[in-house]
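*Asks:* Data file model-v6.cif (mmCIF, C-alpha atoms) is appended below.
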data_entry
loop_
_atom_site.label_atom_id
_atom_site.label_comp_id
_atom_site.auth_asym_id
_atom_site.auth_seq_id
_atom_site.Cartn_x
_atom_site.Cartn_y
_atom_site.Cartn_z
CA MET F 1 14.85 129.43 3.74
CA ALA F 2 18.25 128.82 5.34
CA TYR F 3 20.51 126.18 3.92
CA THR F 4 20.39 122.89 5.80
CA ASP F 5 20.47 119.23 4.85
CA ASP F 6 16.80 118.91 5.63
CA ALA F 7 16.01 121.94 3.48
CA VAL F 8 17.92 120.45 0.55
CA LEU F 9 16.22 117.06 0.95
CA ALA F 10 12.84 118.81 1.13
CA LYS F 11 13.53 120.68 -2.10
CA LEU F 12 14.60 117.47 -3.81
CA SER F 13 11.53 115.58 -2.57
CA ALA F 14 9.23 118.34 -3.90
CA LEU F 15 10.77 118.13 -7.33
CA SER F 16 8.38 117.17 -10.13
CA GLU F 17 8.62 116.57 -13.86
CA ALA F 18 7.24 120.03 -14.69
CA ALA F 19 9.71 122.51 -16.12
CA ASP F 20 8.70 125.24 -13.62
CA SER F 21 9.44 122.94 -10.68
CA ILE F 22 12.87 122.04 -12.06
CA VAL F 23 13.80 125.69 -12.75
CA THR F 24 12.62 126.85 -9.29
CA GLN F 25 14.56 124.25 -7.38
CA ALA F 26 17.63 124.90 -9.57
CA GLN F 27 17.52 128.63 -8.73
CA TRP F 28 17.44 127.93 -5.00
CA ILE F 29 20.33 125.44 -5.25
CA MET F 30 22.46 127.85 -7.32
CA PHE F 31 21.83 130.61 -4.80
CA HIS F 32 23.60 128.44 -2.22
CA ARG F 33 26.50 127.61 -4.51
CA ARG F 34 28.93 127.91 -1.59
CA HIS F 35 27.55 124.56 -0.43
CA ALA F 36 27.82 122.96 -3.88
CA GLU F 37 29.75 119.89 -2.73
CA ARG F 38 27.34 119.11 0.10
CA THR F 39 24.34 119.69 -2.13
CA VAL F 40 25.68 117.24 -4.72
CA GLN F 41 26.24 114.58 -2.04
CA LEU F 42 22.63 114.91 -0.84
CA TRP F 43 21.42 114.90 -4.45
CA LEU F 44 23.27 111.60 -5.15
CA GLN F 45 21.88 110.01 -2.00
CA ARG F 46 18.32 111.02 -2.92
CA LEU F 47 18.81 109.71 -6.49
CA LYS F 48 19.89 106.28 -5.23
CA ASP F 49 16.85 106.05 -2.95
CA SER F 50 14.30 107.11 -5.58
CA THR F 51 12.28 105.36 -8.25
CA SER F 52 13.07 105.45 -11.97
CA HIS F 53 10.80 108.44 -12.74
CA LYS F 54 12.10 110.37 -9.76
CA ARG F 55 15.69 109.65 -10.82
CA LEU F 56 14.97 111.08 -14.26
CA ASN F 57 13.72 114.32 -12.61
CA LEU F 58 16.90 114.53 -10.54
CA ILE F 59 18.97 114.12 -13.74
CA TYR F 60 17.00 116.99 -15.26
CA LEU F 61 17.73 119.10 -12.17
CA ALA F 62 21.48 118.38 -12.39
CA ASN F 63 21.40 119.27 -16.08
CA GLU F 64 19.73 122.62 -15.37
CA VAL F 65 22.12 123.54 -12.60
CA ALA F 66 25.24 122.48 -14.53
CA GLN F 67 24.28 124.31 -17.72
CA GLN F 68 23.27 127.53 -15.94
CA THR F 69 26.43 127.72 -13.86
CA LYS F 70 28.55 126.86 -16.89
CA ALA F 71 26.96 129.70 -18.87
CA ARG F 72 27.62 132.17 -16.02
CA HIS F 73 31.21 130.94 -15.64
CA LYS F 74 30.48 129.87 -12.10
CA GLU F 75 31.59 126.29 -12.31
CA ASP F 76 31.30 125.33 -8.67
CA PHE F 77 28.56 122.82 -9.37
CA VAL F 78 30.27 121.51 -12.51
CA VAL F 79 33.30 120.69 -10.38
CA ALA F 80 31.12 119.19 -7.66
CA PHE F 81 29.14 117.03 -10.09
CA SER F 82 32.20 115.77 -11.98
CA PRO F 83 33.30 113.04 -9.51
CA VAL F 84 29.80 111.53 -9.14
CA ILE F 85 27.92 112.29 -12.35
CA ALA F 86 28.99 109.04 -14.10
CA GLU F 87 27.83 106.93 -11.16
CA ALA F 88 24.57 108.91 -10.93
CA VAL F 89 23.78 108.50 -14.63
CA ALA F 90 24.54 104.77 -14.46
CA THR F 91 22.26 104.37 -11.42
CA ALA F 92 19.40 106.20 -13.16
CA TYR F 93 19.96 104.37 -16.44
CA LYS F 94 20.21 100.84 -15.06
CA GLY F 95 16.90 99.06 -14.69
CA ALA F 96 14.91 101.91 -16.25
CA SER F 97 12.45 101.54 -19.09
CA ALA F 98 13.49 102.12 -22.67
CA ASP F 99 11.76 105.52 -22.74
CA ILE F 100 13.56 106.77 -19.63
CA GLN F 101 16.87 105.44 -20.93
CA ASN F 102 16.38 107.32 -24.20
CA ARG F 103 15.68 110.56 -22.29
CA ILE F 104 18.80 110.12 -20.17
CA GLN F 105 20.83 109.44 -23.31
CA ARG F 106 19.55 112.72 -24.86
CA VAL F 107 20.70 114.64 -21.78
CA VAL F 108 24.15 113.08 -22.06
CA ASP F 109 24.27 114.01 -25.75
CA VAL F 110 23.52 117.64 -24.83
CA TRP F 111 26.41 117.61 -22.38
CA LYS F 112 28.67 116.37 -25.17
CA ASP F 113 27.52 118.99 -27.66
CA ARG F 114 27.91 121.87 -25.21
CA ASP F 115 31.01 120.57 -23.39
CA ILE F 116 29.34 120.88 -20.00
CA PHE F 117 31.77 118.40 -18.47
CA GLU F 118 35.31 117.55 -19.40
CA LYS F 119 36.00 114.91 -22.00
CA PRO F 120 37.21 112.21 -19.53
CA ILE F 121 33.97 112.62 -17.53
CA LEU F 122 31.85 112.24 -20.66
CA GLU F 123 33.85 109.20 -21.73
CA ALA F 124 33.30 107.65 -18.31
CA ILE F 125 29.54 108.21 -18.67
CA ASP F 126 29.52 106.57 -22.11
CA THR F 127 31.49 103.62 -20.77
CA ARG F 128 29.06 103.01 -17.94
CA ILE F 129 26.06 103.20 -20.27
CA HIS F 130 27.72 100.86 -22.75
CA GLU F 131 28.44 98.32 -20.03
CA ILE F 132 24.81 98.37 -18.94
CA ASN F 133 23.56 97.92 -22.50
CA GLN F 134 26.00 95.09 -23.12
CA ALA F 135 25.05 93.30 -19.90
CA ARG F 136 21.39 93.61 -20.74
CA GLY F 137 21.93 92.18 -24.23
CA THR F 138 23.92 89.24 -22.82
CA ALA F 139 21.21 88.45 -20.28
CA LYS F 140 18.52 88.42 -22.97
CA ALA F 141 20.60 86.13 -25.16
CA GLY F 142 21.10 83.74 -22.25
CA LEU F 143 17.37 83.17 -21.73
CA GLY F 144 17.01 81.25 -24.98
CA GLY F 145 19.93 78.88 -24.46
CA SER F 146 19.89 77.63 -20.87
CA ILE F 147 17.81 78.10 -17.71
CA PHE F 148 20.97 79.31 -16.01
CA GLY F 149 21.72 81.93 -18.66
CA SER F 150 25.03 82.19 -20.49
CA ALA F 151 28.27 84.01 -19.93
CA ALA F 152 29.60 86.65 -22.26
CA SER F 153 31.01 85.34 -25.50
CA VAL F 154 34.65 85.59 -24.47
CA PRO F 155 37.21 83.07 -25.80
CA ALA F 156 38.55 80.68 -23.20
CA GLU F 157 42.09 81.96 -23.75
CA LEU F 158 41.02 85.50 -22.79
CA THR F 159 39.00 84.58 -19.71
CA PRO F 160 41.88 85.42 -17.31
CA LEU F 161 41.81 88.98 -18.68
CA VAL F 162 38.14 89.69 -18.00
CA THR F 163 38.32 90.30 -14.25
CA PRO F 164 41.51 92.45 -14.29
CA GLN F 165 40.13 94.55 -17.14
CA GLN F 166 36.84 95.10 -15.35
CA ASN F 167 38.67 96.17 -12.20
CA VAL F 168 40.75 98.66 -14.16
CA THR F 169 37.68 100.07 -15.88
CA LYS F 170 35.78 100.57 -12.62
CA LEU F 171 38.72 102.17 -10.82
CA LEU F 172 39.61 104.31 -13.80
CA LEU F 173 36.27 106.13 -13.75
CA GLY F 174 36.58 107.22 -10.13
CA MET F 175 40.29 107.95 -10.47
CA ARG F 176 39.80 110.35 -13.38
CA THR F 177 37.13 112.39 -11.64
CA THR F 178 39.07 112.51 -8.37
CA ALA F 179 42.30 113.45 -10.13
CA ASN F 180 40.61 116.21 -12.15
CA SER F 181 39.02 117.65 -9.04
CA ALA F 182 42.34 117.62 -7.17
CA ASN F 183 44.13 119.30 -10.09
CA GLN F 184 41.51 122.04 -10.27
CA GLU F 185 41.66 122.77 -6.55
CA TYR F 186 45.44 122.81 -6.69
CA ASP F 187 45.44 125.32 -9.57
CA LYS F 188 42.94 127.55 -7.78
CA LEU F 189 44.94 127.62 -4.60
CA LEU F 190 48.54 127.40 -5.78
CA GLY F 191 48.32 128.44 -9.41
CA PRO F 192 50.62 131.12 -10.86
CA ASN F 193 47.82 133.70 -11.15
CA THR F 194 46.16 133.15 -7.77
CA THR F 195 46.31 135.57 -4.88
CA ALA F 196 46.94 134.19 -1.42
CA PRO F 197 44.10 134.93 1.03
CA THR F 198 44.54 135.73 4.70
CA ALA F 199 46.53 133.29 6.77
CA PRO F 200 43.65 131.54 8.60
CA VAL F 201 41.64 131.14 5.39
CA TYR F 202 44.73 130.03 3.51
CA ALA F 203 45.55 127.41 6.16
CA ALA F 204 41.99 126.03 6.03
CA ARG F 205 42.09 125.79 2.23
CA LEU F 206 45.45 124.10 2.31
CA SER F 207 44.07 121.54 4.74
CA GLY F 208 41.17 120.86 2.37
CA LEU F 209 43.60 120.57 -0.57
CA LEU F 210 45.68 118.03 1.35
CA LYS F 211 42.61 115.87 1.88
CA THR F 212 41.70 116.13 -1.81
CA LEU F 213 45.23 115.28 -2.89
CA ALA F 214 45.35 112.30 -0.51
CA LYS F 215 42.07 111.05 -1.90
CA ALA F 216 43.32 111.42 -5.46
CA GLU F 217 46.58 109.68 -4.55
CA GLY F 218 44.72 106.69 -3.11
CA ALA F 219 42.51 106.43 -6.19
CA VAL F 220 45.49 106.53 -8.54
CA GLU F 221 47.38 103.99 -6.41
CA GLN F 222 44.49 101.52 -6.63
CA CYS F 223 44.27 102.04 -10.36
CA VAL F 224 48.01 101.42 -10.74
CA LYS F 225 47.76 98.20 -8.75
CA ALA F 226 44.86 96.96 -10.86
CA ARG F 227 46.70 97.94 -14.03
CA ARG F 228 49.76 95.94 -12.99
CA GLU F 229 47.62 92.86 -12.42
CA LEU F 230 46.16 93.33 -15.88
CA VAL F 231 49.65 93.64 -17.40
CA VAL F 232 50.74 90.39 -15.70
CA ALA F 233 47.70 88.58 -17.09
CA LEU F 234 48.35 90.04 -20.53
CA GLN F 235 51.98 88.92 -20.35
CA LYS F 236 50.91 85.35 -19.64
CA VAL F 237 48.54 85.37 -22.59
CA LEU F 238 51.26 86.90 -24.75
CA ASP F 239 53.82 84.25 -23.77
CA THR F 240 51.32 81.49 -24.49
CA ASN F 241 50.58 82.89 -27.91
CA ARG F 242 54.27 83.36 -28.69
CA ASN F 243 55.01 79.71 -27.92
CA ALA F 244 52.03 78.64 -30.00
CA LEU F 245 53.23 80.87 -32.83
CA VAL F 246 56.67 79.25 -32.87
CA ALA F 247 55.14 75.75 -32.96
CA GLU F 248 52.74 76.71 -35.75
CA GLU F 249 55.53 78.29 -37.81
CA ASN F 250 57.56 75.06 -37.54
CA GLN F 251 54.51 73.04 -38.56
CA LEU F 252 53.92 75.37 -41.49
CA GLU F 253 57.51 74.91 -42.68
CA THR F 254 57.13 71.13 -42.46
CA PHE F 255 53.97 71.11 -44.56
CA VAL F 256 55.49 73.46 -47.14
CA THR F 257 58.49 71.13 -47.50
CA ARG F 258 56.27 68.06 -47.80
CA ARG F 259 54.04 69.74 -50.36
CA MET F 260 57.04 70.63 -52.53
CA GLU F 261 58.35 67.06 -52.21
CA VAL F 262 55.01 65.61 -53.29
CA GLU F 263 54.81 68.03 -56.22
CA ASP F 264 58.28 66.94 -57.41
CA LYS F 265 57.30 63.27 -57.04
CA LYS F 266 54.09 63.84 -58.98
CA THR F 267 56.03 65.57 -61.79
CA GLU F 268 58.50 62.68 -61.93
CA VAL F 269 55.74 60.07 -62.14
CA GLU F 270 53.96 61.98 -64.88
CA ARG F 271 57.18 62.16 -66.89
CA ALA F 272 57.66 58.40 -66.49
CA ILE F 273 54.11 57.83 -67.73
CA MET F 274 54.77 60.01 -70.78
CA ALA F 275 57.99 58.06 -71.45
CA GLY F 276 55.99 54.83 -71.80
CA LEU F 277 56.56 53.00 -68.55
CA PRO F 278 54.43 49.76 -68.53
CA ASP F 279 51.44 49.80 -66.20
CA ASP F 280 52.42 46.52 -64.52
CA GLU F 281 56.01 47.61 -63.82
CA PRO F 282 56.56 49.23 -60.40
CA PHE F 283 57.82 52.80 -60.39
CA LEU F 284 61.31 53.26 -58.97
CA SER F 285 62.06 56.70 -57.65
CA SER F 286 65.11 58.50 -58.96
CA ILE F 287 66.07 59.38 -55.40
CA GLY F 288 68.77 56.97 -54.27
CA SER F 289 68.53 54.74 -57.38
CA ASN F 290 70.65 56.57 -59.96
CA GLU F 291 73.38 53.89 -59.81
CA GLN F 292 70.88 51.08 -60.39
CA ARG F 293 69.41 52.87 -63.34
CA ASP F 294 72.87 53.25 -64.95
CA THR F 295 73.65 49.49 -64.68
CA GLU F 296 70.42 48.30 -66.22
CA PRO F 297 70.82 46.77 -69.74
CA GLU F 298 69.52 48.60 -72.73
CA ARG F 299 66.31 47.57 -74.30
CA PRO F 300 66.79 44.97 -77.16
CA GLU F 301 66.30 46.07 -80.70
CA VAL F 302 63.25 44.67 -82.44
CA GLU F 303 63.83 42.95 -85.82
CA ALA F 304 61.99 44.36 -88.74
CA LEU F 305 59.07 42.25 -89.91
CA THR F 306 60.49 41.39 -93.41
CA PRO F 307 60.63 37.99 -95.18
CA PRO F 308 64.00 36.19 -95.13
CA SER F 309 66.29 36.59 -98.12
CA ILE F 310 66.61 33.67 -100.62
CA GLU F 311 70.19 34.20 -101.76
CA PRO F 312 71.84 33.02 -98.53
CA GLU F 313 69.85 29.78 -98.71
CA LEU F 314 70.96 29.14 -102.29
CA GLN F 315 74.54 29.72 -101.33
CA GLU F 316 74.08 27.29 -98.46
CA GLN F 317 72.71 24.65 -100.87
CA SER F 318 75.61 25.13 -103.28
CA HIS F 319 78.08 24.64 -100.49
CA ALA F 320 76.25 21.64 -99.02
CA PRO F 321 77.62 18.91 -101.43
CA GLY F 322 81.16 20.02 -100.80
CA GLU F 323 80.61 19.80 -97.12
CA SER F 324 79.01 16.34 -97.60
CA GLU F 325 82.00 15.15 -99.66
CA ALA F 326 84.37 16.42 -97.03
CA ARG F 327 82.39 14.55 -94.41
CA GLU F 328 82.36 11.44 -96.61
CA THR F 329 86.10 11.52 -97.13
CA THR F 330 86.67 11.90 -93.42
CA THR F 331 84.33 8.98 -92.74
CA GLN F 332 86.08 6.79 -95.29
CA SER F 333 89.45 7.47 -93.78
CA ASP F 334 88.09 6.70 -90.33
CA GLY F 335 86.23 3.55 -91.40
CA GLN F 336 88.92 1.63 -93.23
CA GLY F 337 89.70 -0.41 -90.12
CA THR F 338 86.12 -0.96 -88.96
CA GLY F 339 85.00 -3.68 -91.42
CA ALA F 340 81.91 -4.22 -93.58
CA THR F 341 79.44 -2.71 -91.11
CA SER F 342 81.08 0.71 -91.39
CA VAL F 343 81.22 0.43 -95.20
CA LEU F 344 77.50 -0.29 -95.45
CA GLY F 345 76.74 2.60 -93.10
CA LEU F 346 78.41 5.00 -95.47
CA GLN F 347 76.19 4.24 -98.47
CA PHE F 348 73.73 6.93 -97.34
CA LYS F 349 74.70 10.53 -97.43
CA SER F 350 72.56 13.53 -96.55
CA VAL F 351 72.01 16.51 -98.74
CA SER F 352 70.87 19.78 -97.23
CA THR F 353 67.68 21.12 -98.73
CA THR F 354 65.51 24.02 -97.91
CA THR F 355 61.75 23.94 -98.07
CA ASN F 356 59.69 26.94 -97.02
CA GLY F 357 62.59 28.41 -95.10
CA SER F 358 63.33 25.20 -93.05
CA LYS F 359 66.29 22.93 -93.71
CA LYS F 360 65.74 19.17 -94.16
CA ARG F 361 68.07 16.28 -94.95
CA LYS F 362 67.54 14.23 -98.19
CA ILE F 363 68.81 10.64 -98.72
CA ASP F 364 70.83 10.24 -101.91
CA ASP F 365 70.37 6.63 -103.20
CA SER F 366 71.72 7.11 -106.73
CA ASP F 367 74.36 4.42 -106.13
CA ALA F 368 73.55 1.08 -104.54
CA PHE F 369 77.09 0.85 -103.22
CA PRO F 370 79.45 3.58 -102.43
CA ASP F 371 82.62 4.06 -104.36
CA LEU F 372 85.34 2.53 -102.27
CA GLY F 373 88.19 3.66 -104.53
CA GLU F 374 91.06 1.26 -104.77
CA ASP F 375 90.68 -2.38 -103.81
CA ASP F 376 93.08 -2.03 -100.99
CA GLY F 377 91.74 -3.69 -97.90
CA ILE F 378 88.98 -5.68 -99.76
CA ASP F 379 89.00 -9.42 -99.96
CA SER F 380 89.73 -10.85 -103.48
CA ASP F 381 86.59 -13.04 -103.50
CA VAL F 382 84.44 -10.12 -102.60
CA ALA F 383 86.03 -8.01 -105.31
CA GLU F 384 85.43 -10.72 -107.91
CA MET F 385 81.79 -11.05 -106.92
CA LEU F 386 81.35 -7.32 -107.21
CA ARG F 387 82.81 -7.27 -110.69
CA ARG F 388 80.47 -10.05 -111.81
CA ASP F 389 77.43 -8.27 -110.51
CA SER F 390 78.45 -5.10 -112.22
CA GLY F 391 79.16 -6.88 -115.51
CA GLY F 392 75.82 -8.80 -115.51
CA SER F 393 73.85 -5.64 -114.93
#
As structure tokens, what does this structure read like?

*Replies:*
Amino acid sequence: MAYTDDAVLAKLSALSEAADSIVTQAQWIMFHRRHAERTVQLWLQRLKDSTSHKRLNLIYLANEVAQQTKARHKEDFVVAFSPVIAEAVATAYKGASADIQNRIQRVVDVWKDRDIFEKPILEAIDTRIHEINQARGTAKAGLGGSIFGSAASVPAELTPLVTPQQNVTKLLLGMRTTANSANQEYDKLLGPNTTAPTAPVYAARLSGLLKTLAKAEGAVEQCVKARRELVVALQKVLDTNRNALVAEENQLETFVTRRMEVEDKKTEVERAIMAGLPDDEPFLSSIGSNEQRDTEPERPEVEALTPPSIEPELQEQSHAPGESEARETTTQSDGQGTGATSVLGLQFKSVSTTTNGSKKRKIDDSDAFPDLGEDDGIDSDVAEMLRRDSGGS
């Protein structure tokens, strides 16, 4: 059967899950390896238009063709599958049952173990599968919370980064495959160990290389643009966090200073309590009150609780008559010109006594009349009467 688009589509439509069917169709496709790029394009179109089970069969067919050509060192189909294999696997994996997804995952694991595709291609496949699994888990979690579902658990501060990062991830997958394909074609045509074909063939291949390089350039340019947008968004988030960090560091320093101040105050109060400060007396801080504390009077000394001595009291009693006589003499000298009233007022004299530690005055009435000394200043009749009274007694 000649190679045509209809022939390829017919072979792909006749494909079944049986191993013989997959091997037979793979042999026919590898026989026409000169049309590898066109065959892969038709294969991807058929995969997108098929059901889940049919997509799994087409993944099996791509696996058979890629592994056989890799083993024979004829990597035309490996190169042709590289730009589209991540998209094809994601299309077959998304929306499939758990059993089909597990089978597709086993095929991808075989590609990793045997290095069928380059590492960037395999990483792109893993990324697409991970995104599908994550989106499916988020959708299931949203059913229990709200009838509208729930968004991914992304902090509000990082929300501006979600869209730029998703754009970079999507563009990066296509860019890597396109760039790898362009590099391989460039090495085949202009590598150091290649031999230049005839001029017409060489011109045709150079034209094809120019198209491939232009395609790769456009893919890389889009990825660079998306990456710059992501960097701008990251810079905004970084500036916001830097400003917040400065404010939080200042706040931390303030609280550290206040904590140390409170600890010092607490230590000072505890020392005052240990020193015996009364409970009803307000506490005065030592900060700013050192001068007041220096001017305060000292506490008075408390007298010892001992009974008073007796000797000082006896000495006071012994000296009391002398003091009374001195007072009496002074009174007599002052009362000589005051008449009889002053004389009669001097007939009583007080004597200091001590009873139970308290001093009292005692009236001495041993003489009815005080001794007036000489008769100077006394009337003669009065003196005579006094002598008679004294003689009759």

*Asks:* For region 175-183 of chain F, list every protein, DNA or RNA residue within 9 Å, evaluated using all atoms listed in the file, and leave out those in the same chain fewer than 3 positions away; present the list as a compact mmCIF listing (two decimals) with C-alpha atoms, keeping the file's coordinate frame.

*Replies:*
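Now in selection.txt:
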# COMPACT_ATOMS: atom_id res chain seq x y z
CA VAL F 79 33.30 120.69 -10.38
CA ALA F 80 31.12 119.19 -7.66
CA SER F 82 32.20 115.77 -11.98
CA PRO F 83 33.30 113.04 -9.51
CA VAL F 84 29.80 111.53 -9.14
CA PRO F 120 37.21 112.21 -19.53
CA ILE F 121 33.97 112.62 -17.53
CA ALA F 124 33.30 107.65 -18.31
CA LYS F 170 35.78 100.57 -12.62
CA LEU F 171 38.72 102.17 -10.82
CA LEU F 172 39.61 104.31 -13.80
CA TYR F 186 45.44 122.81 -6.69
CA ASP F 187 45.44 125.32 -9.57
CA LYS F 188 42.94 127.55 -7.78
CA LEU F 209 43.60 120.57 -0.57
CA THR F 212 41.70 116.13 -1.81
CA LEU F 213 45.23 115.28 -2.89
CA LYS F 215 42.07 111.05 -1.90
CA ALA F 216 43.32 111.42 -5.46
CA GLU F 217 46.58 109.68 -4.55
CA GLY F 218 44.72 106.69 -3.11
CA ALA F 219 42.51 106.43 -6.19
CA VAL F 220 45.49 106.53 -8.54
CA GLN F 222 44.49 101.52 -6.63
CA CYS F 223 44.27 102.04 -10.36

*Asks:* Take the PyMOL selection byres ((chain F and resi 5-12) around 9), run it mentally on this structure, and tell me the resulting residues as a VMD selection string.

*Replies:* chain F and resid 1 to 4 13 to 16 25 28 to 29 38 to 39 42 to 43 46 58

*Asks:* Of the candidates F:Lys48, F:Val231, F:Phe81, F:Asn63, which shows the shortest atom-to-atom distance to Pro160 (chain F), using only C-alpha atoms?

*Replies:*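 Nearest candidate to Pro160 (chain F) out of F:Lys48, F:Val231, F:Phe81, F:Asn63: F:Val231.
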
*Asks:* Give me, as a PDB file with C-alpha atoms, in the coordinates of the input, all polymer residues having an atom no more than 12 Å from Gln101 (chain F), counting only C-alpha atoms and skipping those fewer than 2 positions away in the same chain.

*Replies:*
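Written out: selection-v9.pdb:
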ATOM      1  CA  SER F  52      13.070 105.450 -11.970  1.00  0.00           C
ATOM      2  CA  HIS F  53      10.800 108.440 -12.740  1.00  0.00           C
ATOM      3  CA  ARG F  55      15.690 109.650 -10.820  1.00  0.00           C
ATOM      4  CA  LEU F  56      14.970 111.080 -14.260  1.00  0.00           C
ATOM      5  CA  ILE F  59      18.970 114.120 -13.740  1.00  0.00           C
ATOM      6  CA  VAL F  89      23.780 108.500 -14.630  1.00  0.00           C
ATOM      7  CA  ALA F  90      24.540 104.770 -14.460  1.00  0.00           C
ATOM      8  CA  THR F  91      22.260 104.370 -11.420  1.00  0.00           C
ATOM      9  CA  ALA F  92      19.400 106.200 -13.160  1.00  0.00           C
ATOM     10  CA  TYR F  93      19.960 104.370 -16.440  1.00  0.00           C
ATOM     11  CA  LYS F  94      20.210 100.840 -15.060  1.00  0.00           C
ATOM     12  CA  GLY F  95      16.900  99.060 -14.690  1.00  0.00           C
ATOM     13  CA  ALA F  96      14.910 101.910 -16.250  1.00  0.00           C
ATOM     14  CA  SER F  97      12.450 101.540 -19.090  1.00  0.00           C
ATOM     15  CA  ALA F  98      13.490 102.120 -22.670  1.00  0.00           C
ATOM     16  CA  ASP F  99      11.760 105.520 -22.740  1.00  0.00           C
ATOM     17  CA  ARG F 103      15.680 110.560 -22.290  1.00  0.00           C
ATOM     18  CA  ILE F 104      18.800 110.120 -20.170  1.00  0.00           C
ATOM     19  CA  GLN F 105      20.830 109.440 -23.310  1.00  0.00           C
ATOM     20  CA  ARG F 106      19.550 112.720 -24.860  1.00  0.00           C
ATOM     21  CA  VAL F 107      20.700 114.640 -21.780  1.00  0.00           C
ATOM     22  CA  VAL F 108      24.150 113.080 -22.060  1.00  0.00           C
ATOM     23  CA  ILE F 129      26.060 103.200 -20.270  1.00  0.00           C
ATOM     24  CA  HIS F 130      27.720 100.860 -22.750  1.00  0.00           C
ATOM     25  CA  ILE F 132      24.810  98.370 -18.940  1.00  0.00           C
ATOM     26  CA  ASN F 133      23.560  97.920 -22.500  1.00  0.00           C
TER      27      ASN F 133
END

*Asks:* Would you compute the distance between CA of Leu122 (chain F) and CA of Ala86 (chain F)? Give it in Å to one decimal.

*Replies:*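 We find that CA of Leu122 (chain F) and CA of Ala86 (chain F) lie 7.8 Å from each other.
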
*Asks:* With distances taken over only C-alpha atoms, which residue among F:Val162, F:Ala244, F:Asp109, F:Leu189 lies nearest Leu210 (chain F)?

*Replies:*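 Using only C-alpha atoms, the shortest distance to Leu210 (chain F) belongs to F:Leu189.
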
*Asks:* Using CA of Ala26 (chain F) and CA of Gln184 (chain F) as the two end points, give the distance in Å to one decimal.

*Replies:*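 So the answer is 24.1 Å.
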
*Asks:* I'd like the interatomic distance between CA of Gln68 (chain F) and CA of Pro197 (chain F), to a tenth of an Å.

*Replies:*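 One can read the CA of Gln68 (chain F) to CA of Pro197 (chain F) distance as 27.9 Å.
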
*Asks:* Leaving out Gln67 (chain F) and any residue of its chain fewer than 4 positions from it, which residues lie within 9 Å of it when counting all atoms listed in the file, given as a list in words?

*Replies:*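 With the cut-off at 9 Å, the set is Ala62, Asn63, Ala71, Arg72, Val78, Trp111, Arg114 and Ile116 of chain F.
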
*Asks:* Do you know which residues are at most 10 Å from Ala233 (chain F) counting all atoms listed in the file, after dropping those on the same chain fewer than 4 positions away, and could you put them as a PDB file with C-alpha atoms, in the coordinates of the input?

*Replies:*
ATOM      1  CA  LEU F 158      41.020  85.500 -22.790  1.00  0.00           C
ATOM      2  CA  THR F 159      39.000  84.580 -19.710  1.00  0.00           C
ATOM      3  CA  PRO F 160      41.880  85.420 -17.310  1.00  0.00           C
ATOM      4  CA  LEU F 161      41.810  88.980 -18.680  1.00  0.00           C
ATOM      5  CA  VAL F 162      38.140  89.690 -18.000  1.00  0.00           C
ATOM      6  CA  THR F 163      38.320  90.300 -14.250  1.00  0.00           C
ATOM      7  CA  PRO F 164      41.510  92.450 -14.290  1.00  0.00           C
ATOM      8  CA  GLN F 165      40.130  94.550 -17.140  1.00  0.00           C
ATOM      9  CA  ARG F 227      46.700  97.940 -14.030  1.00  0.00           C
ATOM     10  CA  ARG F 228      49.760  95.940 -12.990  1.00  0.00           C
ATOM     11  CA  GLU F 229      47.620  92.860 -12.420  1.00  0.00           C
ATOM     12  CA  VAL F 237      48.540  85.370 -22.590  1.00  0.00           C
ATOM     13  CA  LEU F 238      51.260  86.900 -24.750  1.00  0.00           C
TER      14      LEU F 238
END
